[in-house]
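Undergrad: Following this line is query-v4.cif, made up of mmCIF, C-alpha atoms:
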data_run
loop_
_atom_site.label_atom_id
_atom_site.label_comp_id
_atom_site.auth_asym_id
_atom_site.auth_seq_id
_atom_site.Cartn_x
_atom_site.Cartn_y
_atom_site.Cartn_z
CA MET M 1250 -69.19 34.84 -48.33
CA ARG M 1251 -69.94 31.71 -46.31
CA GLU M 1252 -66.28 30.67 -46.36
CA LYS M 1253 -65.13 34.15 -45.33
CA ILE M 1254 -67.51 34.15 -42.37
CA GLU M 1255 -66.52 30.65 -41.29
CA ASN M 1256 -62.79 31.39 -41.33
CA ARG M 1257 -63.38 34.93 -40.01
CA THR M 1258 -61.68 36.73 -42.84
CA ALA M 1259 -64.84 38.69 -43.67
CA GLU M 1260 -64.33 42.40 -43.04
CA LEU M 1261 -67.15 44.21 -41.24
CA ALA M 1262 -68.35 47.79 -41.03
CA VAL M 1263 -70.69 48.92 -38.25
CA ILE M 1264 -72.53 52.16 -38.99
CA GLY M 1265 -73.47 54.03 -35.82
CA LEU M 1266 -71.47 53.48 -32.60
CA GLY M 1267 -74.11 54.20 -30.00
CA TYR M 1268 -75.68 52.04 -27.30
CA ILE M 1269 -76.06 49.10 -29.71
CA GLY M 1270 -73.50 49.72 -32.44
CA LEU M 1271 -70.43 50.00 -30.22
CA PRO M 1272 -71.09 46.81 -28.19
CA THR M 1273 -71.90 44.96 -31.42
CA ALA M 1274 -68.66 46.12 -33.03
CA ILE M 1275 -66.72 45.10 -29.92
CA MET M 1276 -68.27 41.62 -29.89
CA PHE M 1277 -67.42 40.93 -33.53
CA ALA M 1278 -63.89 42.30 -33.12
CA ASN M 1279 -63.26 40.10 -30.09
CA ALA M 1280 -64.69 37.15 -32.04
CA GLY M 1281 -61.88 37.56 -34.56
CA PHE M 1282 -63.33 39.76 -37.30
CA ARG M 1283 -61.73 42.98 -38.49
CA VAL M 1284 -64.29 45.69 -37.79
CA THR M 1285 -64.43 49.35 -38.83
CA GLY M 1286 -66.96 51.45 -36.96
CA LEU M 1287 -68.35 54.52 -38.71
CA GLU M 1288 -69.60 57.31 -36.45
CA ILE M 1289 -70.31 60.92 -37.46
CA ARG M 1290 -69.45 62.34 -34.01
CA GLU M 1291 -65.71 62.93 -34.18
CA ASP M 1292 -65.35 63.31 -30.41
CA VAL M 1293 -66.90 59.87 -29.97
CA VAL M 1294 -64.52 58.40 -32.57
CA GLU M 1295 -61.53 59.89 -30.77
CA LYS M 1296 -62.68 58.61 -27.41
CA ILE M 1297 -63.34 55.08 -28.69
CA ASN M 1298 -59.96 54.86 -30.40
CA SER M 1299 -58.31 55.92 -27.13
CA GLY M 1300 -59.89 52.93 -25.40
CA HIS M 1301 -62.71 54.65 -23.55
CA ALA M 1302 -66.40 54.18 -24.30
CA HIS M 1303 -68.74 57.16 -24.40
CA ILE M 1304 -71.55 55.14 -22.82
CA ILE M 1305 -71.82 53.51 -19.41
CA GLU M 1306 -72.09 49.74 -19.53
CA PRO M 1307 -70.50 47.03 -17.34
CA GLU M 1308 -67.23 45.66 -18.83
CA ILE M 1309 -67.34 47.92 -21.87
CA ASP M 1310 -63.97 49.65 -21.44
CA GLU M 1311 -62.16 46.38 -20.80
CA LEU M 1312 -63.74 44.69 -23.83
CA LEU M 1313 -63.14 47.77 -25.99
CA GLN M 1314 -59.48 47.92 -25.03
CA ASN M 1315 -59.07 44.24 -25.82
CA ALA M 1316 -60.62 44.75 -29.28
CA LEU M 1317 -58.28 47.64 -29.95
CA LYS M 1318 -55.26 45.78 -28.61
CA ASN M 1319 -55.80 42.81 -30.92
CA GLY M 1320 -56.04 45.20 -33.86
CA ASN M 1321 -59.50 44.14 -34.94
CA LEU M 1322 -61.41 47.35 -34.19
CA ARG M 1323 -61.05 50.98 -35.13
CA ALA M 1324 -63.51 53.84 -35.32
CA THR M 1325 -63.67 56.46 -38.05
CA SER M 1326 -65.79 59.36 -39.22
CA ASN M 1327 -64.67 58.98 -42.84
CA PRO M 1328 -67.09 56.97 -45.05
CA ALA M 1329 -64.19 56.17 -47.41
CA ASP M 1330 -62.81 53.88 -44.69
CA ILE M 1331 -65.70 51.42 -45.08
CA LYS M 1332 -65.30 50.99 -48.83
CA GLY M 1333 -65.49 47.43 -50.13
CA LYS M 1334 -66.36 45.63 -46.89
CA ASP M 1335 -67.98 42.21 -46.87
CA VAL M 1336 -70.59 42.97 -44.21
CA TYR M 1337 -72.35 46.21 -43.24
CA ILE M 1338 -74.27 46.37 -39.96
CA ILE M 1339 -76.50 49.43 -39.54
CA CYS M 1340 -77.17 50.49 -35.94
CA VAL M 1341 -78.53 54.03 -36.24
CA GLN M 1342 -81.45 55.58 -34.41
CA THR M 1343 -85.00 55.58 -35.78
CA PRO M 1344 -86.73 58.18 -33.57
CA LEU M 1345 -90.23 59.57 -33.77
CA LYS M 1346 -91.14 62.96 -35.16
CA ASP M 1347 -93.24 65.36 -33.12
CA ASP M 1348 -96.39 63.90 -34.70
CA LYS M 1349 -95.41 60.37 -33.52
CA THR M 1350 -94.58 59.16 -37.02
CA PRO M 1351 -91.18 57.53 -37.65
CA ASN M 1352 -88.18 59.57 -38.67
CA LEU M 1353 -86.25 57.25 -40.97
CA SER M 1354 -83.85 59.91 -42.22
CA TYR M 1355 -80.92 58.52 -40.20
CA LEU M 1356 -81.55 55.03 -41.54
CA GLU M 1357 -81.91 56.19 -45.13
CA SER M 1358 -78.72 58.24 -44.83
CA ALA M 1359 -76.87 55.19 -43.50
CA VAL M 1360 -78.24 53.01 -46.30
CA ARG M 1361 -77.11 55.55 -48.89
CA THR M 1362 -73.65 55.57 -47.32
CA VAL M 1363 -73.54 51.78 -47.46
CA ALA M 1364 -74.73 51.76 -51.07
CA GLY M 1365 -71.84 54.04 -51.99
CA ALA M 1366 -69.32 51.77 -50.27
CA MET M 1367 -70.51 48.19 -50.74
CA LYS M 1368 -69.41 45.73 -53.36
CA LYS M 1369 -71.13 42.91 -55.19
CA GLY M 1370 -71.76 40.08 -52.75
CA SER M 1371 -71.93 42.25 -49.62
CA LEU M 1372 -74.22 41.35 -46.73
CA VAL M 1373 -76.21 44.32 -45.38
CA ILE M 1374 -77.78 43.93 -41.93
CA ILE M 1375 -80.16 46.40 -40.30
CA GLU M 1376 -80.18 46.12 -36.50
CA SER M 1377 -82.16 49.33 -36.07
CA THR M 1378 -85.79 48.93 -35.03
CA VAL M 1379 -87.93 49.83 -38.03
CA PRO M 1380 -91.57 49.85 -39.17
CA PRO M 1381 -92.81 46.75 -41.03
CA LEU M 1382 -91.72 46.54 -44.70
CA THR M 1383 -88.78 48.92 -44.16
CA THR M 1384 -85.98 46.41 -44.84
CA ALA M 1385 -87.51 45.50 -48.19
CA LYS M 1386 -87.81 49.20 -49.03
CA MET M 1387 -84.17 49.80 -48.10
CA ALA M 1388 -83.16 46.85 -50.31
CA THR M 1389 -85.02 48.50 -53.19
CA LEU M 1390 -83.22 51.77 -52.47
CA ILE M 1391 -79.86 49.99 -52.68
CA GLU M 1392 -80.92 48.43 -55.97
CA GLU M 1393 -81.78 51.87 -57.35
CA LEU M 1394 -78.50 53.40 -56.17
CA THR M 1395 -76.15 50.59 -57.19
CA GLY M 1396 -77.82 48.66 -60.00
CA LEU M 1397 -77.28 45.48 -57.97
CA LYS M 1398 -80.09 42.97 -57.48
CA ALA M 1399 -81.18 42.13 -53.92
CA GLY M 1400 -80.90 38.41 -53.20
CA GLU M 1401 -78.62 37.87 -56.19
CA ASP M 1402 -75.89 40.52 -56.06
CA PHE M 1403 -76.14 41.38 -52.37
CA TYR M 1404 -77.80 40.01 -49.24
CA MET M 1405 -80.15 41.97 -46.98
CA VAL M 1406 -81.28 41.12 -43.46
CA HIS M 1407 -83.13 42.60 -40.51
CA ALA M 1408 -81.53 41.35 -37.26
CA PRO M 1409 -83.07 43.33 -34.39
CA GLU M 1410 -81.17 43.84 -31.15
CA ARG M 1411 -82.87 42.42 -28.05
CA VAL M 1412 -80.76 43.75 -25.19
CA MET M 1413 -81.23 45.84 -22.07
CA PRO M 1414 -78.84 48.57 -20.91
CA GLY M 1415 -76.82 47.34 -17.96
CA ARG M 1416 -76.84 43.79 -19.33
CA ILE M 1417 -75.88 44.37 -22.97
CA PHE M 1418 -72.81 42.14 -23.28
CA LYS M 1419 -74.37 39.23 -21.43
CA GLU M 1420 -77.56 39.47 -23.45
CA LEU M 1421 -75.72 39.84 -26.76
CA VAL M 1422 -74.27 36.39 -26.08
CA TYR M 1423 -77.11 34.53 -24.40
CA ASN M 1424 -80.35 36.07 -25.72
CA SER M 1425 -82.02 34.45 -28.70
CA ARG M 1426 -81.69 36.25 -32.05
CA ILE M 1427 -83.94 36.52 -35.09
CA PHE M 1428 -82.62 36.94 -38.63
CA GLY M 1429 -85.14 38.15 -41.17
CA GLY M 1430 -83.80 37.90 -44.68
CA ILE M 1431 -85.19 39.17 -47.94
CA THR M 1432 -84.14 35.70 -49.11
CA PRO M 1433 -83.51 32.51 -47.10
CA GLU M 1434 -79.81 32.59 -48.01
CA SER M 1435 -79.52 36.13 -46.60
CA ALA M 1436 -80.90 34.96 -43.25
CA GLU M 1437 -78.59 31.91 -43.25
CA LEU M 1438 -75.49 34.05 -43.78
CA ALA M 1439 -76.47 36.45 -40.99
CA GLU M 1440 -77.14 33.55 -38.64
CA LEU M 1441 -73.73 32.06 -39.44
CA LEU M 1442 -72.05 35.42 -38.80
CA TYR M 1443 -73.70 36.04 -35.40
CA ARG M 1444 -73.03 32.48 -34.30
CA SER M 1445 -69.43 33.62 -33.92
CA PHE M 1446 -70.42 34.87 -30.45
CA VAL M 1447 -74.16 34.19 -29.90
CA LYS M 1448 -74.87 31.20 -27.68
CA GLY M 1449 -78.62 31.68 -27.46
CA GLN M 1450 -81.16 30.22 -29.85
CA THR M 1451 -81.30 31.61 -33.37
CA PHE M 1452 -84.27 31.73 -35.71
CA LYS M 1453 -84.57 32.52 -39.42
CA THR M 1454 -87.59 34.15 -41.05
CA SER M 1455 -88.51 36.89 -43.52
CA SER M 1456 -87.48 40.49 -42.97
CA THR M 1457 -91.06 41.69 -42.43
CA VAL M 1458 -91.81 38.99 -39.86
CA SER M 1459 -88.60 39.93 -38.06
CA GLU M 1460 -89.59 43.60 -38.03
CA VAL M 1461 -93.05 42.80 -36.66
CA VAL M 1462 -91.70 40.43 -34.00
CA LYS M 1463 -89.37 43.07 -32.58
CA LEU M 1464 -92.20 45.62 -32.44
CA MET M 1465 -94.65 43.10 -30.98
CA GLU M 1466 -92.27 42.29 -28.13
CA ASN M 1467 -92.02 45.88 -26.97
CA THR M 1468 -95.67 46.65 -27.67
CA PHE M 1469 -96.66 43.71 -25.45
CA ARG M 1470 -94.58 45.16 -22.65
CA ASP M 1471 -95.97 48.66 -23.21
CA VAL M 1472 -99.58 47.47 -23.13
CA ASN M 1473 -98.91 45.36 -20.03
CA ILE M 1474 -97.36 48.37 -18.26
CA ALA M 1475 -100.37 50.48 -19.22
CA LEU M 1476 -102.64 47.88 -17.63
CA ALA M 1477 -100.48 47.94 -14.50
CA ASN M 1478 -100.74 51.74 -14.44
CA GLU M 1479 -104.54 51.51 -14.60
CA PHE M 1480 -104.42 49.06 -11.70
CA ALA M 1481 -102.36 51.71 -9.86
CA PHE M 1482 -105.08 54.30 -10.52
CA LEU M 1483 -107.61 51.89 -9.02
CA ALA M 1484 -105.37 51.26 -6.00
CA HIS M 1485 -105.54 54.97 -5.16
CA GLN M 1486 -109.34 54.82 -5.29
CA TYR M 1487 -109.56 51.69 -3.15
CA GLY M 1488 -106.84 52.65 -0.65
CA ILE M 1489 -104.57 49.67 -1.28
CA ASN M 1490 -100.97 48.94 -2.23
CA VAL M 1491 -101.01 47.90 -5.89
CA PHE M 1492 -97.58 46.26 -5.63
CA GLU M 1493 -98.84 43.86 -2.98
CA ALA M 1494 -101.86 43.09 -5.15
CA ILE M 1495 -99.70 42.52 -8.26
CA GLU M 1496 -97.32 40.26 -6.37
CA LEU M 1497 -100.21 38.12 -5.18
CA ALA M 1498 -101.90 38.09 -8.60
CA ASN M 1499 -98.64 36.95 -10.18
CA THR M 1500 -98.68 33.80 -8.05
CA HIS M 1501 -101.26 32.55 -10.54
CA PRO M 1502 -99.37 30.39 -13.07
CA ARG M 1503 -100.86 32.16 -16.07
CA VAL M 1504 -100.61 35.76 -14.86
CA ARG M 1505 -97.57 38.03 -15.20
CA ILE M 1506 -98.51 41.67 -14.57
CA HIS M 1507 -95.78 44.25 -15.09
CA ILE M 1508 -94.88 47.10 -12.71
CA PRO M 1509 -96.50 50.57 -12.77
CA GLY M 1510 -94.45 53.72 -12.49
CA ILE M 1511 -93.76 57.32 -13.43
CA GLY M 1512 -93.62 56.49 -17.13
CA VAL M 1513 -92.11 54.38 -19.88
CA GLY M 1514 -88.81 55.62 -21.25
CA GLY M 1515 -85.89 54.48 -23.35
CA HIS M 1516 -85.37 54.24 -27.05
CA CYS M 1517 -87.77 51.33 -27.67
CA LEU M 1518 -91.00 51.14 -25.67
CA PRO M 1519 -92.26 54.69 -26.21
CA LYS M 1520 -91.51 54.40 -29.93
CA ASP M 1521 -92.07 50.84 -31.11
CA PRO M 1522 -95.87 50.71 -30.76
CA HIS M 1523 -96.08 53.73 -33.05
CA LEU M 1524 -93.77 52.04 -35.56
CA LEU M 1525 -95.87 48.88 -35.48
CA ILE M 1526 -99.14 50.56 -36.41
CA TRP M 1527 -97.73 53.30 -38.66
CA PRO M 1528 -97.97 51.42 -41.99
CA ALA M 1529 -101.28 49.75 -41.11
CA LYS M 1530 -104.48 50.69 -42.92
CA GLU M 1531 -106.56 50.44 -39.75
CA ASP M 1532 -105.86 51.52 -36.18
CA PHE M 1533 -107.49 49.07 -33.76
CA GLY M 1534 -107.16 51.35 -30.73
CA LEU M 1535 -105.69 49.34 -27.84
CA ILE M 1536 -102.04 49.96 -28.72
CA ARG M 1537 -102.53 53.71 -29.08
CA LEU M 1538 -104.56 53.91 -25.86
CA ALA M 1539 -101.80 52.13 -23.94
CA ARG M 1540 -99.31 54.70 -25.23
CA GLU M 1541 -101.57 57.52 -24.05
CA ILE M 1542 -101.86 55.99 -20.57
CA ASN M 1543 -98.12 55.53 -20.19
CA ASP M 1544 -97.40 59.01 -21.53
CA SER M 1545 -99.77 60.41 -18.88
CA MET M 1546 -97.88 59.01 -15.89
CA PRO M 1547 -95.58 62.03 -15.36
CA LEU M 1548 -98.74 64.14 -15.07
CA PHE M 1549 -100.18 61.70 -12.54
CA THR M 1550 -96.95 62.06 -10.58
CA LYS M 1551 -97.35 65.82 -10.74
CA ASP M 1552 -100.86 65.46 -9.29
CA LEU M 1553 -99.45 63.48 -6.33
CA LEU M 1554 -96.82 66.16 -5.75
CA PHE M 1555 -99.30 69.01 -5.82
CA LYS M 1556 -101.68 67.13 -3.54
CA ALA M 1557 -98.85 66.96 -1.01
CA PHE M 1558 -98.28 70.71 -1.39
CA ARG M 1559 -101.93 71.33 -0.54
CA GLU M 1560 -101.70 69.16 2.57
CA ILE M 1561 -99.11 71.52 4.09
CA ASN M 1562 -100.52 74.67 2.49
CA LEU M 1563 -97.36 75.24 0.46
CA PRO M 1564 -97.93 77.40 -2.62
CA PRO M 1565 -96.36 75.53 -5.58
CA GLU M 1566 -94.67 78.69 -6.81
CA GLU M 1567 -92.65 78.76 -3.57
CA ALA M 1568 -91.70 75.09 -3.62
CA VAL M 1569 -88.19 73.75 -4.17
CA VAL M 1570 -88.45 70.33 -5.82
CA THR M 1571 -85.59 67.86 -6.23
CA ILE M 1572 -85.86 65.19 -8.92
CA LEU M 1573 -83.80 62.10 -8.17
CA GLY M 1574 -82.82 60.37 -11.40
CA LEU M 1575 -82.68 61.59 -14.97
CA ALA M 1576 -82.04 58.26 -16.71
CA TYR M 1577 -85.04 56.31 -17.92
CA LYS M 1578 -83.99 53.17 -16.00
CA GLY M 1579 -81.91 52.28 -12.99
CA ASN M 1580 -78.11 52.05 -13.10
CA SER M 1581 -77.95 53.53 -16.60
CA ASP M 1582 -76.94 56.86 -18.12
CA ASP M 1583 -79.50 56.57 -20.91
CA THR M 1584 -81.87 59.56 -20.77
CA ARG M 1585 -83.74 58.92 -24.02
CA ASN M 1586 -87.48 59.59 -23.52
CA SER M 1587 -86.94 59.71 -19.78
CA PRO M 1588 -90.12 60.26 -17.72
CA ALA M 1589 -88.06 62.55 -15.49
CA SER M 1590 -87.71 64.98 -18.38
CA ALA M 1591 -91.47 64.90 -18.98
CA LEU M 1592 -92.14 65.57 -15.29
CA ILE M 1593 -89.68 68.48 -15.24
CA GLU M 1594 -91.39 69.98 -18.26
CA ALA M 1595 -94.81 69.51 -16.61
CA ILE M 1596 -93.90 71.36 -13.40
CA ARG M 1597 -91.35 73.85 -14.73
CA ASP M 1598 -93.69 76.85 -14.84
CA ASP M 1599 -95.54 75.98 -11.62
CA VAL M 1600 -92.85 75.57 -8.96
CA GLY M 1601 -90.24 77.90 -7.55
CA GLU M 1602 -87.12 75.83 -8.26
CA ILE M 1603 -86.28 72.44 -9.78
CA ARG M 1604 -83.11 70.64 -8.78
CA THR M 1605 -81.84 67.38 -10.26
CA TYR M 1606 -79.39 64.72 -9.21
CA ASP M 1607 -78.36 61.52 -10.97
CA PRO M 1608 -75.18 59.59 -10.09
CA TYR M 1609 -74.85 58.37 -13.69
CA VAL M 1610 -76.02 61.40 -15.67
CA GLY M 1611 -75.26 64.38 -13.49
CA GLY M 1612 -77.75 67.18 -12.92
CA THR M 1613 -77.97 70.62 -11.39
CA HIS M 1614 -76.16 69.40 -8.26
CA GLU M 1615 -73.14 67.14 -7.88
CA SER M 1616 -74.23 65.38 -4.70
CA LEU M 1617 -77.44 64.07 -3.22
CA GLU M 1618 -77.07 66.19 -0.12
CA ALA M 1619 -76.54 69.40 -2.08
CA ALA M 1620 -79.58 68.69 -4.24
CA VAL M 1621 -81.83 68.00 -1.26
CA SER M 1622 -80.61 70.63 1.21
CA GLY M 1623 -83.38 73.17 1.77
CA ALA M 1624 -85.77 71.41 -0.62
CA ASP M 1625 -89.46 70.98 0.11
CA ALA M 1626 -90.07 67.83 -1.92
CA VAL M 1627 -88.13 64.97 -3.46
CA VAL M 1628 -89.47 62.98 -6.39
CA ILE M 1629 -87.85 59.62 -7.19
CA ALA M 1630 -87.95 59.29 -10.98
CA THR M 1631 -85.34 56.54 -11.53
CA ASP M 1632 -84.75 53.31 -9.63
CA HIS M 1633 -80.98 53.55 -9.27
CA THR M 1634 -79.70 51.03 -6.71
CA SER M 1635 -78.05 53.81 -4.69
CA PHE M 1636 -81.43 55.45 -4.14
CA LYS M 1637 -82.69 52.32 -2.41
CA ALA M 1638 -80.05 52.74 0.28
CA ILE M 1639 -80.89 56.36 1.19
CA ASN M 1640 -81.45 57.06 4.87
CA TRP M 1641 -84.48 59.29 4.45
CA GLU M 1642 -84.86 60.22 8.08
CA GLU M 1643 -81.29 61.59 8.11
CA LEU M 1644 -81.73 63.29 4.75
CA GLY M 1645 -84.96 64.85 5.93
CA LYS M 1646 -83.05 66.81 8.55
CA ILE M 1647 -81.58 69.08 5.85
CA MET M 1648 -84.87 69.62 4.00
CA ARG M 1649 -87.13 72.63 4.54
CA ASN M 1650 -90.29 70.52 4.21
CA LYS M 1651 -90.40 66.74 4.05
CA ILE M 1652 -92.40 65.55 1.06
CA LEU M 1653 -91.41 62.33 -0.70
CA ILE M 1654 -93.01 61.22 -3.96
CA ASP M 1655 -91.97 57.76 -5.14
CA GLY M 1656 -92.46 57.18 -8.85
CA ARG M 1657 -90.50 53.91 -8.98
CA HIS M 1658 -91.49 51.92 -5.86
CA VAL M 1659 -88.02 52.44 -4.41
CA VAL M 1660 -89.27 53.17 -0.88
CA LYS M 1661 -91.08 50.20 0.64
CA GLU M 1662 -91.94 51.81 4.00
CA PRO M 1663 -92.53 55.59 4.20
CA PRO M 1664 -89.93 57.30 6.42
CA LYS M 1665 -91.11 58.87 9.66
CA GLY M 1666 -92.01 62.53 9.52
CA PHE M 1667 -92.53 62.60 5.75
CA ILE M 1668 -95.62 63.21 3.70
CA PHE M 1669 -95.30 60.19 1.45
CA LYS M 1670 -97.08 59.46 -1.80
CA GLY M 1671 -96.18 56.87 -4.38
CA ILE M 1672 -97.65 55.66 -7.63
CA GLY M 1673 -99.91 52.76 -6.72
CA ARG M 1674 -99.53 53.34 -2.98
CA GLY M 1675 -103.17 54.08 -2.36
CA GLU M 1676 -102.93 53.27 1.34
CA TYR M 1677 -101.21 56.64 1.99
#
Re-express the file's structure as structure tokens.

TA:
Amino acid sequence: MREKIENRTAELAVIGLGYIGLPTAIMFANAGFRVTGLEIREDVVEKINSGHAHIIEPEIDELLQNALKNGNLRATSNPADIKGKDVYIICVQTPLKDDKTPNLSYLESAVRTVAGAMKKGSLVIIESTVPPLTTAKMATLIEELTGLKAGEDFYMVHAPERVMPGRIFKELVYNSRIFGGITPESAELAELLYRSFVKGQTFKTSSTVSEVVKLMENTFRDVNIALANEFAFLAHQYGINVFEAIELANTHPRVRIHIPGIGVGGHCLPKDPHLLIWPAKEDFGLIRLAREINDSMPLFTKDLLFKAFREINLPPEEAVVTILGLAYKGNSDDTRNSPASALIEAIRDDVGEIRTYDPYVGGTHESLEAAVSGADAVVIATDHTSFKAINWEELGKIMRNKILIDGRHVVKEPPKGFIFKGIGRGEY
């Protein structure tokens, strides 16, 4: 296996061609490996093989077309096409159930597919974010299904992705990577494989440590954001701008407070803290409380909106509300766990009409002007760059009432003639 990786004759299969799987497959293909991507959505397979990505990401179409042109990448929906590969990289989703416990059915299904296709000596890598001890459990499942022995007959690794939408290809190359093997040799082989394109630091450890590290990283960010959101609550009580206070506090060399906002979205932060504590015998409280605070932010945004309604004596049931942004983060089309969706759900039964506009996702209206014309209130739910350039005073001329609620600190100075409220903007 080592020789095959070094001379790039190892054949790879990537299971799941979503936000992580497709870029990963592209990187390995452009590094010289022959890669087969397995994806159950046939329309996605067809689109990828035609040279067009189904996700929005800088450079992705160009890099995809290059991988297809050199003959190193193809997508398929047929599991028979990944039979007998040297390396299997699993990049499927691990969402939460309604009760906030992990749904590992996609992962287990992928592992069963791999077990039915792999050969003796294969390297199996899980990039999906998983609860602690999961990789070891999946290795045991493969042993039961194949009769092969983990660490002797096949290699098993957890290699978590550490990238941000909008910067995926740059971060795949330059971010550090962690390889958690069920044996040291497993981690060494994975490190050697990823070194074909990774220029950042690489670290080897056990699979469980790797799983915990990934979850700790995002839990740290989630808890820090929850603290920032509590600071925002205080700013409203004290009549100050929390962003000014945070900026000044962060001049201290040992302080780095995150940014408050309408909520925490995406595939990782709302989920990973739950994955971290799920197998634990004791719940220590802080992590869960932070999740509750961050989940409450769309409701806090609703409170700001309805306070503005009261100031102009506008009955909510008559109000036309436009939500700007459906993606969970700026300049992305990723709507997973988007706070905008939570806000829409929170106000759906209380207002007269909800309109939406997102230049990356779409919405009820195809243009900003159409979405805002005749509206009473606009709520900024995503920090797309284009929203920062809006001329609000001009846009206000086509609104029925001029209420602006900023959930992402996009508007630095409230436009004239508007009732303005923003999360953490306690001075207004």

Undergrad: Given the file shown, enumerate the residues that the PyMOL selection byres ((chain M and resi 1491) around 9) captures and present them as a PyMOL selection string.

TA: chain M and resi 1477+1480-1485+1489-1490+1492-1496+1509+1672-1675

Undergrad: Any chance you could resolve the PyMOL selection byres ((chain M and resi 1654-1671) around 6) against this file and give the residues as a list in words?

TA: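 Selection result, ordered by chain and number: Gly1510, Ile1511, Val1628, Ile1629, Ala1630, Asp1632, Lys1637, Lys1651, Ile1652, Leu1653, Ile1672 and Arg1674 of chain M.
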
Undergrad: Write out the residues from the selection above, keeping C-alpha atoms, as a compact mmCIF listing (two decimals), keeping the file's coordinate frame.

TA:
# COMPACT_ATOMS: atom_id res chain seq x y z
CA GLY M 1510 -94.45 53.72 -12.49
CA ILE M 1511 -93.76 57.32 -13.43
CA VAL M 1628 -89.47 62.98 -6.39
CA ILE M 1629 -87.85 59.62 -7.19
CA ALA M 1630 -87.95 59.29 -10.98
CA ASP M 1632 -84.75 53.31 -9.63
CA LYS M 1637 -82.69 52.32 -2.41
CA LYS M 1651 -90.40 66.74 4.05
CA ILE M 1652 -92.40 65.55 1.06
CA LEU M 1653 -91.41 62.33 -0.70
CA ILE M 1672 -97.65 55.66 -7.63
CA ARG M 1674 -99.53 53.34 -2.98

Undergrad: Give me the result of the PyMOL selection byres ((chain M and resi 1544) around 12) on this file, residue by residue, as a ChimeraX atom specification.

TA: /M:1471-1472,1474-1475,1478,1510-1514,1518-1520,1537-1543,1545-1550,1586-1592,1595

Undergrad: Using all atoms listed in the file, tabulate the residues of segment 1322-1379 of chain M lying at most 6 Å from any atom of segment 1285-1304 of chain M, each with its closest atom pair and that distance in Å to one decimal, by chain and increasing residue number, as CSV.

TA:
residue,atom,partner,partner_atom,distance
M:Leu1322,CA,M:Thr1285,CA,5.9
M:Arg1323,CA,M:Thr1285,CA,5.3
M:Ala1324,CA,M:Gly1286,CA,4.5
M:Thr1325,CA,M:Leu1287,CA,5.1
M:Ser1326,CA,M:Ile1289,CA,5.1

Undergrad: Which one of M:His1523, M:Lys1386, M:His1614, M:Lys1253 sits closest to Leu1356 of chain M if you count all atoms listed in the file?

TA: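 Distance minimum relative to Leu1356 of chain M lands on M:Lys1386.
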
Undergrad: With distances taken over only C-alpha atoms, which residue among M:Glu1260, M:Glu1420, M:Ser1354, M:Met1367 lies nearest Pro1272 of chain M?

TA: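 Checking each candidate against Pro1272 of chain M, we get M:Glu1420 as the closest.
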
Undergrad: Could you tell me which of M:Thr1258, M:Thr1451, M:Ser1456, M:Thr1432 comes closest to Val1379 of chain M if we count only C-alpha atoms?

TA: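 Counting only C-alpha atoms, the residue closest to Val1379 of chain M is M:Ser1456.
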
Undergrad: Taking 2 positions as the minimum chain separation for residues in the same chain, which residues sit within 8 Å of segment 1567-1581 of chain M when counting all atoms listed in the file? Answer as a PyMOL selection string.

TA: chain M and resi 1305-1306+1414-1415+1513-1515+1563-1565+1583-1590+1600-1610+1612+1620-1621+1623-1634

Undergrad: Residues as selected, C-alpha atoms, written as a short mmCIF file (atom, residue, chain, number, x, y, z; two decimals), in the coordinates of the input, can you do that?

TA:
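This is the output file result.cif:
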data_model
loop_
_atom_site.label_atom_id
_atom_site.label_comp_id
_atom_site.auth_asym_id
_atom_site.auth_seq_id
_atom_site.Cartn_x
_atom_site.Cartn_y
_atom_site.Cartn_z
CA ILE M 1305 -71.82 53.51 -19.41
CA GLU M 1306 -72.09 49.74 -19.53
CA PRO M 1414 -78.84 48.57 -20.91
CA GLY M 1415 -76.82 47.34 -17.96
CA VAL M 1513 -92.11 54.38 -19.88
CA GLY M 1514 -88.81 55.62 -21.25
CA GLY M 1515 -85.89 54.48 -23.35
CA LEU M 1563 -97.36 75.24 0.46
CA PRO M 1564 -97.93 77.40 -2.62
CA PRO M 1565 -96.36 75.53 -5.58
CA ASP M 1583 -79.50 56.57 -20.91
CA THR M 1584 -81.87 59.56 -20.77
CA ARG M 1585 -83.74 58.92 -24.02
CA ASN M 1586 -87.48 59.59 -23.52
CA SER M 1587 -86.94 59.71 -19.78
CA PRO M 1588 -90.12 60.26 -17.72
CA ALA M 1589 -88.06 62.55 -15.49
CA SER M 1590 -87.71 64.98 -18.38
CA VAL M 1600 -92.85 75.57 -8.96
CA GLY M 1601 -90.24 77.90 -7.55
CA GLU M 1602 -87.12 75.83 -8.26
CA ILE M 1603 -86.28 72.44 -9.78
CA ARG M 1604 -83.11 70.64 -8.78
CA THR M 1605 -81.84 67.38 -10.26
CA TYR M 1606 -79.39 64.72 -9.21
CA ASP M 1607 -78.36 61.52 -10.97
CA PRO M 1608 -75.18 59.59 -10.09
CA TYR M 1609 -74.85 58.37 -13.69
CA VAL M 1610 -76.02 61.40 -15.67
CA GLY M 1612 -77.75 67.18 -12.92
CA ALA M 1620 -79.58 68.69 -4.24
CA VAL M 1621 -81.83 68.00 -1.26
CA GLY M 1623 -83.38 73.17 1.77
CA ALA M 1624 -85.77 71.41 -0.62
CA ASP M 1625 -89.46 70.98 0.11
CA ALA M 1626 -90.07 67.83 -1.92
CA VAL M 1627 -88.13 64.97 -3.46
CA VAL M 1628 -89.47 62.98 -6.39
CA ILE M 1629 -87.85 59.62 -7.19
CA ALA M 1630 -87.95 59.29 -10.98
CA THR M 1631 -85.34 56.54 -11.53
CA ASP M 1632 -84.75 53.31 -9.63
CA HIS M 1633 -80.98 53.55 -9.27
CA THR M 1634 -79.70 51.03 -6.71
#
